[in-house]
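Novice: Have a look at this one.
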Amino acid sequence: MDRRRLIAGLGAATAGLAAAAPALARDGAASPASAATATTASAPLNLGHGPRSLKFRHLHTMEDLEVVYWENGDYVPESLAAINHLLRDFRSNEVHEIDRTLLDLLYALHRRVDSKEPYRIISAYRSPATNGQLTERSGEVAVRSLHMEGQAVDVRLVDVALTDLRDAALRLGKGGVGYYPDSDFVH
């Protein structure tokens, strides 16, 4: 490949990164070996026309939630409140609004991998105080993590190989995707 094409390709990849919506992850402190990043713009999500539902099992609180969060052309406020509660900072019990785009990404990803299982939640919203404590303990926690904005979640699906979940998330092309096989989750 000649130098101009290489530079043009890097420019396009950089533009794709800058334009990607923050969604499944922010790779700020992740090592290259454990994180992958979507680098191209993508088509709109295929969300279908009917109701949208999500199933969760929080692995720290052992709470379960199965909820229709979008129907009749709009988000369901009571369902969003239930999701916000379940995906709260489990260390401080602080509740924060979870980004609706993230919920739609999780819905689209679940459909794409054809899972029948609930998302196993490792981490979702983190308060700034919690994030600061984790940053001090681990080099893999971003100082400006999207977890603090309700725009990131660490998940696994027990009926989908982690590499398949990662690859499907990358194919959505909607933001950074962290891959942590040693800890068994996608971010």
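Residue names in the structure tokens use chain letters A, B, ... in the order shown, residue numbers from 1 in each chain, and ligand numbers from 1 in the order shown.
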Enumerate, in order of chain and increasing residue number, the residues of region 31-117 of chain A with an atom no farther than 12 Å from region 147-164 of chain A, each with its shortest atom pair and distance in Å to one decimal, counting only C-alpha atoms, as JSON lines.
Specialist:
{"residue": "A:Ser34", "atom": "CA", "partner": "A:Thr163", "partner_atom": "CA", "distance": 11.5}
{"residue": "A:Ala35", "atom": "CA", "partner": "A:Thr163", "partner_atom": "CA", "distance": 11.7}
{"residue": "A:Ala36", "atom": "CA", "partner": "A:Thr163", "partner_atom": "CA", "distance": 11.2}
{"residue": "A:Lys55", "atom": "CA", "partner": "A:Leu157", "partner_atom": "CA", "distance": 10.6}
{"residue": "A:Phe56", "atom": "CA", "partner": "A:Val155", "partner_atom": "CA", "distance": 9.5}
{"residue": "A:Arg57", "atom": "CA", "partner": "A:Val155", "partner_atom": "CA", "distance": 9.8}
{"residue": "A:His58", "atom": "CA", "partner": "A:Val155", "partner_atom": "CA", "distance": 9.4}
{"residue": "A:Leu59", "atom": "CA", "partner": "A:Val155", "partner_atom": "CA", "distance": 9.8}
{"residue": "A:Ile83", "atom": "CA", "partner": "A:Gly150", "partner_atom": "CA", "distance": 11.0}
{"residue": "A:Asn84", "atom": "CA", "partner": "A:Gly150", "partner_atom": "CA", "distance": 8.7}
{"residue": "A:His85", "atom": "CA", "partner": "A:Gly150", "partner_atom": "CA", "distance": 11.6}
{"residue": "A:Leu86", "atom": "CA", "partner": "A:Val153", "partner_atom": "CA", "distance": 12.0}
{"residue": "A:Leu87", "atom": "CA", "partner": "A:Val153", "partner_atom": "CA", "distance": 8.5}
{"residue": "A:Arg88", "atom": "CA", "partner": "A:Gly150", "partner_atom": "CA", "distance": 9.0}
{"residue": "A:Asp89", "atom": "CA", "partner": "A:Met148", "partner_atom": "CA", "distance": 9.2}
{"residue": "A:Glu94", "atom": "CA", "partner": "A:Met148", "partner_atom": "CA", "distance": 10.9}
{"residue": "A:Val95", "atom": "CA", "partner": "A:Gly150", "partner_atom": "CA", "distance": 9.6}
{"residue": "A:His96", "atom": "CA", "partner": "A:Gly150", "partner_atom": "CA", "distance": 6.6}
{"residue": "A:Glu97", "atom": "CA", "partner": "A:Gly150", "partner_atom": "CA", "distance": 6.1}
{"residue": "A:Ile98", "atom": "CA", "partner": "A:Gly150", "partner_atom": "CA", "distance": 4.3}
{"residue": "A:Asp99", "atom": "CA", "partner": "A:Gln151", "partner_atom": "CA", "distance": 5.4}
{"residue": "A:Arg100", "atom": "CA", "partner": "A:Gln151", "partner_atom": "CA", "distance": 8.6}
{"residue": "A:Thr101", "atom": "CA", "partner": "A:Gln151", "partner_atom": "CA", "distance": 8.0}
{"residue": "A:Leu102", "atom": "CA", "partner": "A:Gln151", "partner_atom": "CA", "distance": 6.0}
{"residue": "A:Leu103", "atom": "CA", "partner": "A:Gln151", "partner_atom": "CA", "distance": 9.0}
{"residue": "A:Asp104", "atom": "CA", "partner": "A:Gln151", "partner_atom": "CA", "distance": 11.4}
{"residue": "A:Leu105", "atom": "CA", "partner": "A:Gln151", "partner_atom": "CA", "distance": 10.5}
{"residue": "A:Leu106", "atom": "CA", "partner": "A:Val153", "partner_atom": "CA", "distance": 9.3}
{"residue": "A:Leu109", "atom": "CA", "partner": "A:Leu157", "partner_atom": "CA", "distance": 10.7}
{"residue": "A:His110", "atom": "CA", "partner": "A:Leu157", "partner_atom": "CA", "distance": 8.8}
{"residue": "A:Arg111", "atom": "CA", "partner": "A:Val160", "partner_atom": "CA", "distance": 11.8}
{"residue": "A:Arg112", "atom": "CA", "partner": "A:Asp164", "partner_atom": "CA", "distance": 10.2}
{"residue": "A:Val113", "atom": "CA", "partner": "A:Val160", "partner_atom": "CA", "distance": 7.2}
{"residue": "A:Asp114", "atom": "CA", "partner": "A:Val160", "partner_atom": "CA", "distance": 8.6}
{"residue": "A:Ser115", "atom": "CA", "partner": "A:Asp159", "partner_atom": "CA", "distance": 6.4}
{"residue": "A:Lys116", "atom": "CA", "partner": "A:Asp159", "partner_atom": "CA", "distance": 7.4}
{"residue": "A:Glu117", "atom": "CA", "partner": "A:Leu157", "partner_atom": "CA", "distance": 6.4}
Novice: Write a file of the just-selected residues containing C-alpha atoms, as a compact mmCIF listing (two decimals), in the first residue's frame.
Specialist:
# COMPACT_ATOMS: atom_id res chain seq x y z
CA SER A 34 -8.02 -6.26 25.56
CA ALA A 35 -9.99 -3.68 23.63
CA ALA A 36 -11.25 -3.27 20.11
CA LYS A 55 -33.71 -8.91 30.20
CA PHE A 56 -31.02 -8.38 32.84
CA ARG A 57 -29.46 -10.29 35.71
CA HIS A 58 -27.20 -8.11 37.86
CA LEU A 59 -24.38 -10.34 39.10
CA ILE A 83 -33.74 -0.12 34.27
CA ASN A 84 -32.08 2.90 35.87
CA HIS A 85 -32.59 1.32 39.29
CA LEU A 86 -31.25 -2.08 38.29
CA LEU A 87 -28.20 -0.60 36.53
CA ARG A 88 -27.41 1.75 39.43
CA ASP A 89 -24.00 2.01 41.07
CA GLU A 94 -26.77 5.82 43.43
CA VAL A 95 -29.24 5.77 40.54
CA HIS A 96 -28.51 7.59 37.28
CA GLU A 97 -30.34 7.76 33.97
CA ILE A 98 -29.12 5.15 31.50
CA ASP A 99 -28.75 6.49 27.98
CA ARG A 100 -31.60 5.33 25.74
CA THR A 101 -29.19 4.86 22.84
CA LEU A 102 -27.32 2.31 24.98
CA LEU A 103 -30.58 0.46 25.64
CA ASP A 104 -31.33 0.36 21.93
CA LEU A 105 -27.81 -0.92 21.27
CA LEU A 106 -28.26 -3.68 23.82
CA LEU A 109 -27.12 -6.69 19.92
CA HIS A 110 -29.34 -9.22 21.71
CA ARG A 111 -31.35 -9.67 18.50
CA ARG A 112 -28.21 -9.93 16.38
CA VAL A 113 -26.73 -12.77 18.43
CA ASP A 114 -30.15 -14.41 18.87
CA SER A 115 -29.68 -14.90 22.61
CA LYS A 116 -32.45 -16.33 24.76
CA GLU A 117 -30.67 -15.40 27.99
Novice: Once DSSP has gone over the backbone, tell me which residues of region 32-182 of chain A are in strand (DSSP E), as a PyMOL selection string.
Specialist: chain A and resi 35-37+52-58+64-71+74-75+119-123+154-156+176-180
Novice: What is the distance between CA of Asn46 (chain A) and CA of Ala108 (chain A), in Å to one decimal?
Specialist: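 Interatomic distance, CA of Asn46 (chain A) to CA of Ala108 (chain A): 6.5 Å.
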Novice: As an exercise, work out the distance from CA of Leu65 (chain A) to CA of Arg126 (chain A) in Å and give it to one decimal place.
Specialist: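 Answer for the CA of Leu65 (chain A) to CA of Arg126 (chain A) separation: 19.1 Å.
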Novice: Could you tell me how far CA of Tyr69 (chain A) lies from CA of Arg52 (chain A), in Å and to one decimal?
Specialist: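 Here the two named atoms are 6.0 Å from each other.
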Novice: Which residues are close to Leu54 (chain A), i.e. within 7 Å by only C-alpha atoms, leaving aside same-chain residues fewer than 5 positions away? Reply as a ChimeraX atom specification.
Specialist: /A:66-68,107
Novice: Could you give me, as number ranges by chain, each residue of region 65-162 of chain A that DSSP assigns to alpha helix (DSSP H) when run on this structure's backbone?
Specialist: A: 77-86, 100-113, 128-137, 162
Novice: Between A:Glu63, A:Ala81, A:Arg91, A:Val177, single out the one closest to Leu134 (chain A), counting only C-alpha atoms.
Specialist: A:Arg91
Novice: So which one's closest to Asp64 (chain A), A:Leu47, A:Leu170, A:Val186, A:Ala82? Using only C-alpha atoms, please.
Specialist: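 So, comparing all the options, the nearest one is A:Ala82.
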